[in-house]
Amino acid sequence: MNYSIALKTIVKKEIYRFLRIWPQTLLPPAITTALYFLIFGKLIGNRIGMISGATYMDYIVPGIILMSIISHSYSNVVSSFYSTKFQRNIEELLVAPVPNWVILTGYVSGGIFRGLLVGIVVALISMLFADIVVLHPGITIIVAILTATLFSLAGFINAVLAESFDDISIIPNFVLTPLSYLGGVFYSVDMLTGIWQTLIKGNPIMYMINAFRYGMIGVTDIDIQLAFMMIGGFIVVLALFSLYMLHKGTGIKN
Amino acid sequence: MKALSISNLRKTYKNGLEALKGIDLEVEAGDFFALLGPNGAGKSTAIGIISSLVTITSGSVSVFGHDLVKDREKAKSCIGLVPQEVNFNQFDTVQGIVLNQAGYYGTPRKLALQRTEQCLKQMDLWDRRNTISRRLSGGMKRRVMIARAMVHAPKLLILDEPTAGVDIEIRRSMWKMMQEVNEQGTTIILTTHYLEEAESLCRNIAIIDQGKIVENSNMASLLARLNVDHFVLDLAEPLIVVPVLDGCHIERVSDKVLNVSVPKEFGLNRLFSQLTDMNIKVLSLKNKSNRLEQLFMDLVESKPARDKR
């Protein structure tokens with residue numbers, strides 16, 4: 001059987017879904033991040049001065065872009081796959097000869113596309129406030145894609161395990177947002193003191209933000225290779241766990 | 001060639017409910033097969049397993065010779081499922097739903113478009129192809145599900161109560177459509193609560209109750225086993241005393257209506273001749289219940305006796 005057709009069908013369906021509801025999916029991050037840039041970057045940032053040799057505005061732009069990629073790649077997959085489960089149209093895929101890896105790749109691709117598209121929108125908005133020249137475009141793009149992949153996978157797992165709409169909002173509100181804010185979007189990890197310096201190393205988002213910031217403006221608090229290993233390791237673990245759940249039929253089969 | 005072969009199939013849910021207690025079933029290619037049973041008998045579990053929506057506890061299922069576990073994708077390619085409840089994306093268009101399903105089965109785009117058009121026309125939905133599905137009537141939604149199930153030209157079409165809740169006109173047009181699909185060579189397995197539907201459409205039948213197959217035979221030979229027919233007679237004149245006929249059981253429903261149970265060997269000619277002798281004029285006669293319904297009730301109600309065996 002030609003799996004590429006099934007994969008293409010899922011990916012197209014997923015992209016069409018978030019483009020169709022663009023006022024809910026693409027417009028809000030543009031407005032929210034414009035406010036971040038205005039308030040934190042322009043108004044407050046001018047009084048903060050330089051961090052690691054970069055202006056505060058330049059320093060926060062990569063973090064805000066990546067934070068948008070994280071939250072939108074996650075929320076795309078979690079809401080789409082949970083709705084598919086809730087409306088029971090997951091059965092359309094389960095009765096068809098679609099292998100589990102195609103289902104996973106299809107939904108994760110949808111999350112990656114939305115995450116990257118939101119990232120591009122936020123980057124365009126940032127150009128109104130900052131004049132950034134991307135120093136390492138390759139690293140920037142790879143970190144963006146890997147981060148979107150990782151959080152799309154996390155969103156998929158959340159959707160598979162969720163039993164109600166409440167369950168799909170708990171992780172974004174109580175885990176992702178705090179970890180993103182604490183992961184160094186608005187500050188340098190070097191500013192932390194004592195035990196916080198150690199605790200922050202357990203926050204995976206910190207590695208991604210620093211790797212992305214390195215790609216864009218050449219500033220990082222951590223080793224880039226370690227960051228890539230962390231992101232890659234998480235992707236492998238989450239992908240294998242997702243495939244295992246699909247194989248067992250967790251949350252989708254009786 | 002067997003379209004479906006089920007051997008010692010068991011399903012126990014996590015809550016301990018034993019929905020299937022080792023069923024064996026075979027359906028020949030090209031058959032129009034009825035799978036009947038009361039609510040909670042295990043029909044939906046059996047269909048869920050055949051269509052990969054429910055996991056197997058033990059036993060085996062093969063579809064056109066392809067084992068559902070070892071040769072999963074080939075087995076799945078042969079099946080089209082029309083589920084009991086609407087399960088498509090209510091925000092998609094009719095055409096989008098059917099076209100996507102073709103894509104999941106690996107149908108190339110050009111062919112998928114042709115097949116979608118063909119199926120939607122067959123279901124009389126082509127004019128509605130761009131309608132958002134949640135705006136369709138109940139009958140139309142059911143037809144969308146049939147079109148979706150047929151878009152990859154399955155060899156085995158499973159219809160799980162396809163006419164539940166639709167009006168008689170649509171039901172009859174769906175029967176015609178199902179017969180046409182079957183005549184074109186597609187094997188059909190039908191579950192329904194309308195036993196008249198099963199009796200008029202299906203050639204073979206299995207009745208499942210409490211997770212076991214309690215009857216599996218040819219429809220004609222099953223109906224031949226029925227040795228008493230039940231009729232309702234409308235009389236021309238009101239009756240005060242219920243007539244007594246040797247060998248027949250007669251009940252008075254109202255002044256001008258009688259329920260009569262007539263053994264096959266007694267015959268209708270003899271019944272009418274004796275009623276005429278008693279000066280009872282019959283205006284019309286109808287079956288009290290559908291013949292299959294009678295047998296179904298006999299089989300399902302004889303549970304205690306069967307369990308003892």
# chains A, B, ... in the order shown; residues from 1 in each chain; ligands from 1

$ closest_atom_pairs --of "chain A" --to "chain B" --cutoff "10 Å" --atoms "only C-alpha atoms" --output "JSON lines"
{"residue": "A:Met1", "atom": "CA", "partner": "B:Gly106", "partner_atom": "CA", "distance": 6.4}
{"residue": "A:Asn2", "atom": "CA", "partner": "B:Gly106", "partner_atom": "CA", "distance": 5.3}
{"residue": "A:Tyr3", "atom": "CA", "partner": "B:Gly106", "partner_atom": "CA", "distance": 6.3}
{"residue": "A:Ser4", "atom": "CA", "partner": "B:Gly106", "partner_atom": "CA", "distance": 7.6}
{"residue": "A:Ile5", "atom": "CA", "partner": "B:Gly106", "partner_atom": "CA", "distance": 5.2}
{"residue": "A:Ala6", "atom": "CA", "partner": "B:Tyr104", "partner_atom": "CA", "distance": 4.3}
{"residue": "A:Leu7", "atom": "CA", "partner": "B:Tyr104", "partner_atom": "CA", "distance": 7.7}
{"residue": "A:Lys8", "atom": "CA", "partner": "B:Gly103", "partner_atom": "CA", "distance": 8.1}
{"residue": "A:Thr9", "atom": "CA", "partner": "B:Gly103", "partner_atom": "CA", "distance": 5.6}
{"residue": "A:Ile10", "atom": "CA", "partner": "B:Tyr104", "partner_atom": "CA", "distance": 7.9}
{"residue": "A:Lys12", "atom": "CA", "partner": "B:Asn100", "partner_atom": "CA", "distance": 9.5}
{"residue": "A:Lys13", "atom": "CA", "partner": "B:Asn100", "partner_atom": "CA", "distance": 7.9}
{"residue": "A:Arg17", "atom": "CA", "partner": "B:Asp92", "partner_atom": "CA", "distance": 9.4}
{"residue": "A:Ser83", "atom": "CA", "partner": "B:Asn89", "partner_atom": "CA", "distance": 9.0}
{"residue": "A:Thr84", "atom": "CA", "partner": "B:Asn89", "partner_atom": "CA", "distance": 7.6}
{"residue": "A:Lys85", "atom": "CA", "partner": "B:Asn87", "partner_atom": "CA", "distance": 9.7}
{"residue": "A:Phe86", "atom": "CA", "partner": "B:Asn87", "partner_atom": "CA", "distance": 9.4}
{"residue": "A:Gln87", "atom": "CA", "partner": "B:Asn87", "partner_atom": "CA", "distance": 6.1}
{"residue": "A:Arg88", "atom": "CA", "partner": "B:Asn87", "partner_atom": "CA", "distance": 5.1}
{"residue": "A:Asn89", "atom": "CA", "partner": "B:Asn87", "partner_atom": "CA", "distance": 4.9}
{"residue": "A:Ile90", "atom": "CA", "partner": "B:Asn87", "partner_atom": "CA", "distance": 8.3}
{"residue": "A:Glu91", "atom": "CA", "partner": "B:Leu53", "partner_atom": "CA", "distance": 6.9}
{"residue": "A:Glu92", "atom": "CA", "partner": "B:Gln101", "partner_atom": "CA", "distance": 6.8}
{"residue": "A:Leu93", "atom": "CA", "partner": "B:Tyr104", "partner_atom": "CA", "distance": 6.7}
{"residue": "A:Leu94", "atom": "CA", "partner": "B:Leu53", "partner_atom": "CA", "distance": 6.4}
{"residue": "A:Val95", "atom": "CA", "partner": "B:Ser51", "partner_atom": "CA", "distance": 5.5}
{"residue": "A:Ala96", "atom": "CA", "partner": "B:Tyr105", "partner_atom": "CA", "distance": 5.8}
{"residue": "A:Pro97", "atom": "CA", "partner": "B:Glu73", "partner_atom": "CA", "distance": 4.6}
{"residue": "A:Val98", "atom": "CA", "partner": "B:Tyr104", "partner_atom": "CA", "distance": 6.4}
{"residue": "A:Pro99", "atom": "CA", "partner": "B:Glu73", "partner_atom": "CA", "distance": 8.0}
{"residue": "A:Val102", "atom": "CA", "partner": "B:Tyr104", "partner_atom": "CA", "distance": 9.9}
{"residue": "A:Ile103", "atom": "CA", "partner": "B:Tyr104", "partner_atom": "CA", "distance": 9.8}
{"residue": "A:Lys248", "atom": "CA", "partner": "B:Thr55", "partner_atom": "CA", "distance": 8.7}
{"residue": "A:Gly249", "atom": "CA", "partner": "B:Thr55", "partner_atom": "CA", "distance": 7.8}
{"residue": "A:Ile252", "atom": "CA", "partner": "B:Leu53", "partner_atom": "CA", "distance": 8.1}
{"residue": "A:Lys253", "atom": "CA", "partner": "B:Val54", "partner_atom": "CA", "distance": 5.4}
{"residue": "A:Asn254", "atom": "CA", "partner": "B:Val54", "partner_atom": "CA", "distance": 4.9}

$ write_last_selection --atoms "N, CA and C atoms" --output "CSV table (one decimal), in the first residue's frame"
chain,number,residue,atom,x,y,z
A,1,MET,N,0.8,-1.2,0.0
A,1,MET,CA,0.0,0.0,0.0
A,1,MET,C,0.9,1.3,0.0
A,2,ASN,N,0.3,2.3,-0.6
A,2,ASN,CA,1.1,3.6,-0.7
A,2,ASN,C,0.8,4.4,0.5
A,3,TYR,N,1.7,4.4,1.5
A,3,TYR,CA,1.5,5.1,2.7
A,3,TYR,C,1.7,6.6,2.5
A,4,SER,N,2.4,7.0,1.5
A,4,SER,CA,2.6,8.5,1.3
A,4,SER,C,1.3,9.2,1.1
A,5,ILE,N,0.3,8.5,0.4
A,5,ILE,CA,-1.0,9.1,0.1
A,5,ILE,C,-1.7,9.3,1.5
A,6,ALA,N,-1.7,8.3,2.3
A,6,ALA,CA,-2.4,8.4,3.6
A,6,ALA,C,-1.7,9.5,4.5
A,7,LEU,N,-0.4,9.6,4.4
A,7,LEU,CA,0.3,10.6,5.2
A,7,LEU,C,0.0,12.0,4.7
A,8,LYS,N,0.0,12.1,3.4
A,8,LYS,CA,-0.3,13.4,2.8
A,8,LYS,C,-1.7,13.9,3.1
A,9,THR,N,-2.6,12.9,3.1
A,9,THR,CA,-4.0,13.2,3.5
A,9,THR,C,-4.1,13.7,4.9
A,10,ILE,N,-3.4,13.1,5.8
A,10,ILE,CA,-3.5,13.5,7.2
A,10,ILE,C,-2.9,14.9,7.4
A,12,LYS,N,-2.4,17.3,5.1
A,12,LYS,CA,-3.2,18.3,4.4
A,12,LYS,C,-4.4,18.7,5.3
A,13,LYS,N,-5.0,17.6,5.8
A,13,LYS,CA,-6.2,17.8,6.7
A,13,LYS,C,-5.8,18.7,7.9
A,17,ARG,N,-7.0,22.5,8.7
A,17,ARG,CA,-7.8,22.7,9.9
A,17,ARG,C,-7.3,24.0,10.6
A,83,SER,N,-9.9,16.2,19.7
A,83,SER,CA,-11.2,16.4,19.1
A,83,SER,C,-11.5,15.2,18.2
A,84,THR,N,-10.5,14.7,17.5
A,84,THR,CA,-10.7,13.5,16.7
A,84,THR,C,-11.2,12.4,17.5
A,85,LYS,N,-10.6,12.2,18.7
A,85,LYS,CA,-11.0,11.2,19.6
A,85,LYS,C,-12.4,11.4,20.1
A,86,PHE,N,-12.7,12.7,20.5
A,86,PHE,CA,-13.9,13.0,21.1
A,86,PHE,C,-15.1,12.9,20.1
A,87,GLN,N,-14.9,13.3,18.9
A,87,GLN,CA,-15.9,13.1,17.9
A,87,GLN,C,-15.9,11.7,17.3
A,88,ARG,N,-15.0,10.9,17.7
A,88,ARG,CA,-14.9,9.5,17.3
A,88,ARG,C,-14.5,9.4,15.8
A,89,ASN,N,-14.0,10.5,15.2
A,89,ASN,CA,-13.6,10.3,13.8
A,89,ASN,C,-12.2,9.7,13.7
A,90,ILE,N,-11.6,9.4,14.9
A,90,ILE,CA,-10.3,8.6,14.9
A,90,ILE,C,-10.6,7.3,14.3
A,91,GLU,N,-11.9,6.8,14.4
A,91,GLU,CA,-12.2,5.5,13.8
A,91,GLU,C,-12.0,5.4,12.3
A,92,GLU,N,-12.1,6.6,11.7
A,92,GLU,CA,-11.8,6.6,10.2
A,92,GLU,C,-10.4,6.1,9.9
A,93,LEU,N,-9.5,6.5,10.8
A,93,LEU,CA,-8.1,6.1,10.7
A,93,LEU,C,-7.9,4.7,11.2
A,94,LEU,N,-8.5,4.3,12.2
A,94,LEU,CA,-8.3,3.0,12.8
A,94,LEU,C,-8.8,1.9,11.9
A,95,VAL,N,-9.9,2.1,11.2
A,95,VAL,CA,-10.4,1.1,10.3
A,95,VAL,C,-9.6,0.9,9.1
A,96,ALA,N,-8.9,2.0,8.7
A,96,ALA,CA,-8.2,2.0,7.4
A,96,ALA,C,-6.8,1.4,7.7
A,97,PRO,N,-6.2,0.9,6.6
A,97,PRO,CA,-4.8,0.3,6.7
A,97,PRO,C,-3.7,1.3,6.9
A,98,VAL,N,-3.9,2.2,7.9
A,98,VAL,CA,-2.9,3.2,8.1
A,98,VAL,C,-2.0,2.8,9.3
A,99,PRO,N,-0.7,2.6,9.0
A,99,PRO,CA,0.2,2.2,10.2
A,99,PRO,C,0.3,3.3,11.2
A,102,VAL,N,2.4,6.3,10.6
A,102,VAL,CA,1.8,7.3,9.6
A,102,VAL,C,0.9,8.3,10.4
A,103,ILE,N,0.1,7.7,11.3
A,103,ILE,CA,-0.9,8.5,12.1
A,103,ILE,C,-0.1,9.5,12.9
A,248,LYS,N,-0.8,-0.2,21.6
A,248,LYS,CA,-1.6,-0.8,22.6
A,248,LYS,C,-3.1,-0.3,22.5
A,249,GLY,N,-3.3,0.7,21.7
A,249,GLY,CA,-4.6,1.3,21.6
A,249,GLY,C,-5.0,2.1,22.8
A,252,ILE,N,-7.7,5.0,22.7
A,252,ILE,CA,-8.5,5.0,21.4
A,252,ILE,C,-9.2,3.7,21.1
A,253,LYS,N,-8.8,2.6,21.7
A,253,LYS,CA,-9.5,1.4,21.5
A,253,LYS,C,-10.0,0.8,22.8
A,254,ASN,N,-11.0,0.0,22.7
A,254,ASN,CA,-11.5,-0.7,23.9
A,254,ASN,C,-10.7,-2.0,24.1

$ residues_around --residues "Tyr207 of chain A" --least-positions-apart "4" --cutoff "8 Å" --atoms "only C-alpha atoms" --output "ChimeraX atom specification"
/A:183,203,211,222,224,226-227,230-231

$ write_last_selection --atoms "N, CA and C atoms" --output "PDB file, in the first residue's frame"
ATOM      1  N   GLY A 183      12.393  29.207  31.719  1.00  0.00           N
ATOM      2  CA  GLY A 183      13.482  28.673  30.893  1.00  0.00           C
ATOM      3  C   GLY A 183      14.392  29.732  30.301  1.00  0.00           C
ATOM      4  N   ASN A 203      15.249  21.930  33.496  1.00  0.00           N
ATOM      5  CA  ASN A 203      14.181  22.456  32.641  1.00  0.00           C
ATOM      6  C   ASN A 203      14.589  22.302  31.172  1.00  0.00           C
ATOM      7  N   ALA A 211      19.709  27.415  22.822  1.00  0.00           N
ATOM      8  CA  ALA A 211      20.213  26.979  21.502  1.00  0.00           C
ATOM      9  C   ALA A 211      19.661  27.881  20.405  1.00  0.00           C
ATOM     10  N   ILE A 222      24.378  27.964  27.833  1.00  0.00           N
ATOM     11  CA  ILE A 222      24.736  26.546  27.968  1.00  0.00           C
ATOM     12  C   ILE A 222      25.474  26.048  26.717  1.00  0.00           C
ATOM     13  N   ILE A 224      25.903  24.207  23.362  1.00  0.00           N
ATOM     14  CA  ILE A 224      24.953  23.941  22.274  1.00  0.00           C
ATOM     15  C   ILE A 224      24.828  22.440  21.973  1.00  0.00           C
ATOM     16  N   LEU A 226      25.154  19.985  24.002  1.00  0.00           N
ATOM     17  CA  LEU A 226      24.331  19.381  25.046  1.00  0.00           C
ATOM     18  C   LEU A 226      22.857  19.656  24.759  1.00  0.00           C
ATOM     19  N   ALA A 227      22.586  20.873  24.302  1.00  0.00           N
ATOM     20  CA  ALA A 227      21.197  21.242  23.987  1.00  0.00           C
ATOM     21  C   ALA A 227      20.636  20.327  22.887  1.00  0.00           C
ATOM     22  N   MET A 230      19.970  16.890  24.266  1.00  0.00           N
ATOM     23  CA  MET A 230      18.760  16.877  25.103  1.00  0.00           C
ATOM     24  C   MET A 230      17.504  16.825  24.224  1.00  0.00           C
ATOM     25  N   ILE A 231      17.465  17.725  23.235  1.00  0.00           N
ATOM     26  CA  ILE A 231      16.266  17.802  22.376  1.00  0.00           C
ATOM     27  C   ILE A 231      16.087  16.475  21.620  1.00  0.00           C
TER      28      ILE A 231
END

$ select_by_dssp --residues "segment 94-187 of chain A" --states "helix (DSSP H, G or I)" --output "ChimeraX atom specification"
/A:94-95,100-126,137-161,167-185

$ closest_residue --among "A:Met245, A:Ile235, A:Leu135, A:Leu35" --to "Gly215 of chain A" --atoms "only C-alpha atoms"
A:Leu135

$ atom_distance --atom1 "atom CA of Leu19 of chain A" --atom2 "atom CA of Val121 of chain A"
13.3 Å

$ decode --residues "segment 126-186 of chain A" --atoms "C-alpha atoms" --output "PDB file, in the first residue's frame"
ATOM      1  CA  SER A 126       9.672  41.274  15.966  1.00  0.00           C
ATOM      2  CA  MET A 127      11.171  43.021  12.911  1.00  0.00           C
ATOM      3  CA  LEU A 128       8.970  46.006  13.725  1.00  0.00           C
ATOM      4  CA  PHE A 129      10.742  46.368  17.066  1.00  0.00           C
ATOM      5  CA  ALA A 130      14.262  44.942  16.650  1.00  0.00           C
ATOM      6  CA  ASP A 131      16.842  44.897  13.923  1.00  0.00           C
ATOM      7  CA  ILE A 132      18.223  41.363  14.239  1.00  0.00           C
ATOM      8  CA  VAL A 133      20.613  39.705  11.787  1.00  0.00           C
ATOM      9  CA  VAL A 134      20.438  35.923  12.241  1.00  0.00           C
ATOM     10  CA  LEU A 135      24.013  34.776  12.921  1.00  0.00           C
ATOM     11  CA  HIS A 136      23.592  31.003  12.435  1.00  0.00           C
ATOM     12  CA  PRO A 137      20.521  30.418  10.219  1.00  0.00           C
ATOM     13  CA  GLY A 138      21.122  26.631  10.026  1.00  0.00           C
ATOM     14  CA  ILE A 139      21.150  26.184  13.799  1.00  0.00           C
ATOM     15  CA  THR A 140      18.160  28.514  14.175  1.00  0.00           C
ATOM     16  CA  ILE A 141      16.039  26.561  11.681  1.00  0.00           C
ATOM     17  CA  ILE A 142      17.071  23.135  13.014  1.00  0.00           C
ATOM     18  CA  VAL A 143      16.349  24.100  16.640  1.00  0.00           C
ATOM     19  CA  ALA A 144      12.970  25.527  15.601  1.00  0.00           C
ATOM     20  CA  ILE A 145      12.025  22.332  13.732  1.00  0.00           C
ATOM     21  CA  LEU A 146      13.279  20.004  16.484  1.00  0.00           C
ATOM     22  CA  THR A 147      11.511  21.993  19.201  1.00  0.00           C
ATOM     23  CA  ALA A 148       8.259  22.001  17.227  1.00  0.00           C
ATOM     24  CA  THR A 149       8.652  18.231  16.724  1.00  0.00           C
ATOM     25  CA  LEU A 150       9.275  17.616  20.412  1.00  0.00           C
ATOM     26  CA  PHE A 151       6.257  19.602  21.569  1.00  0.00           C
ATOM     27  CA  SER A 152       4.012  18.195  18.875  1.00  0.00           C
ATOM     28  CA  LEU A 153       4.887  14.742  20.216  1.00  0.00           C
ATOM     29  CA  ALA A 154       4.202  15.908  23.778  1.00  0.00           C
ATOM     30  CA  GLY A 155       0.835  17.284  22.631  1.00  0.00           C
ATOM     31  CA  PHE A 156       0.036  13.975  20.959  1.00  0.00           C
ATOM     32  CA  ILE A 157       0.730  12.031  24.167  1.00  0.00           C
ATOM     33  CA  ASN A 158      -1.410  14.461  26.162  1.00  0.00           C
ATOM     34  CA  ALA A 159      -4.277  14.011  23.680  1.00  0.00           C
ATOM     35  CA  VAL A 160      -4.046  10.211  23.738  1.00  0.00           C
ATOM     36  CA  LEU A 161      -4.133  10.114  27.538  1.00  0.00           C
ATOM     37  CA  ALA A 162      -6.746  12.878  27.971  1.00  0.00           C
ATOM     38  CA  GLU A 163     -10.225  11.850  28.989  1.00  0.00           C
ATOM     39  CA  SER A 164     -11.816  15.293  29.037  1.00  0.00           C
ATOM     40  CA  PHE A 165     -11.254  18.781  27.665  1.00  0.00           C
ATOM     41  CA  ASP A 166      -9.913  19.762  31.111  1.00  0.00           C
ATOM     42  CA  ASP A 167      -7.107  17.248  30.659  1.00  0.00           C
ATOM     43  CA  ILE A 168      -5.841  18.982  27.536  1.00  0.00           C
ATOM     44  CA  SER A 169      -5.526  22.374  29.232  1.00  0.00           C
ATOM     45  CA  ILE A 170      -3.722  21.234  32.401  1.00  0.00           C
ATOM     46  CA  ILE A 171      -0.282  20.640  30.841  1.00  0.00           C
ATOM     47  CA  PRO A 172      -0.156  23.877  28.768  1.00  0.00           C
ATOM     48  CA  ASN A 173      -1.314  26.011  31.718  1.00  0.00           C
ATOM     49  CA  PHE A 174       0.493  24.382  34.606  1.00  0.00           C
ATOM     50  CA  VAL A 175       3.600  22.899  32.991  1.00  0.00           C
ATOM     51  CA  LEU A 176       4.472  24.442  29.623  1.00  0.00           C
ATOM     52  CA  THR A 177       3.885  28.104  30.436  1.00  0.00           C
ATOM     53  CA  PRO A 178       5.836  28.079  33.755  1.00  0.00           C
ATOM     54  CA  LEU A 179       8.701  26.089  32.212  1.00  0.00           C
ATOM     55  CA  SER A 180       8.861  28.474  29.233  1.00  0.00           C
ATOM     56  CA  TYR A 181       8.909  31.597  31.411  1.00  0.00           C
ATOM     57  CA  LEU A 182      11.436  30.045  33.803  1.00  0.00           C
ATOM     58  CA  GLY A 183      13.482  28.673  30.893  1.00  0.00           C
ATOM     59  CA  GLY A 184      15.123  32.046  30.225  1.00  0.00           C
ATOM     60  CA  VAL A 185      12.834  33.793  27.737  1.00  0.00           C
ATOM     61  CA  PHE A 186      13.164  37.105  29.565  1.00  0.00           C
TER      62      PHE A 186
END
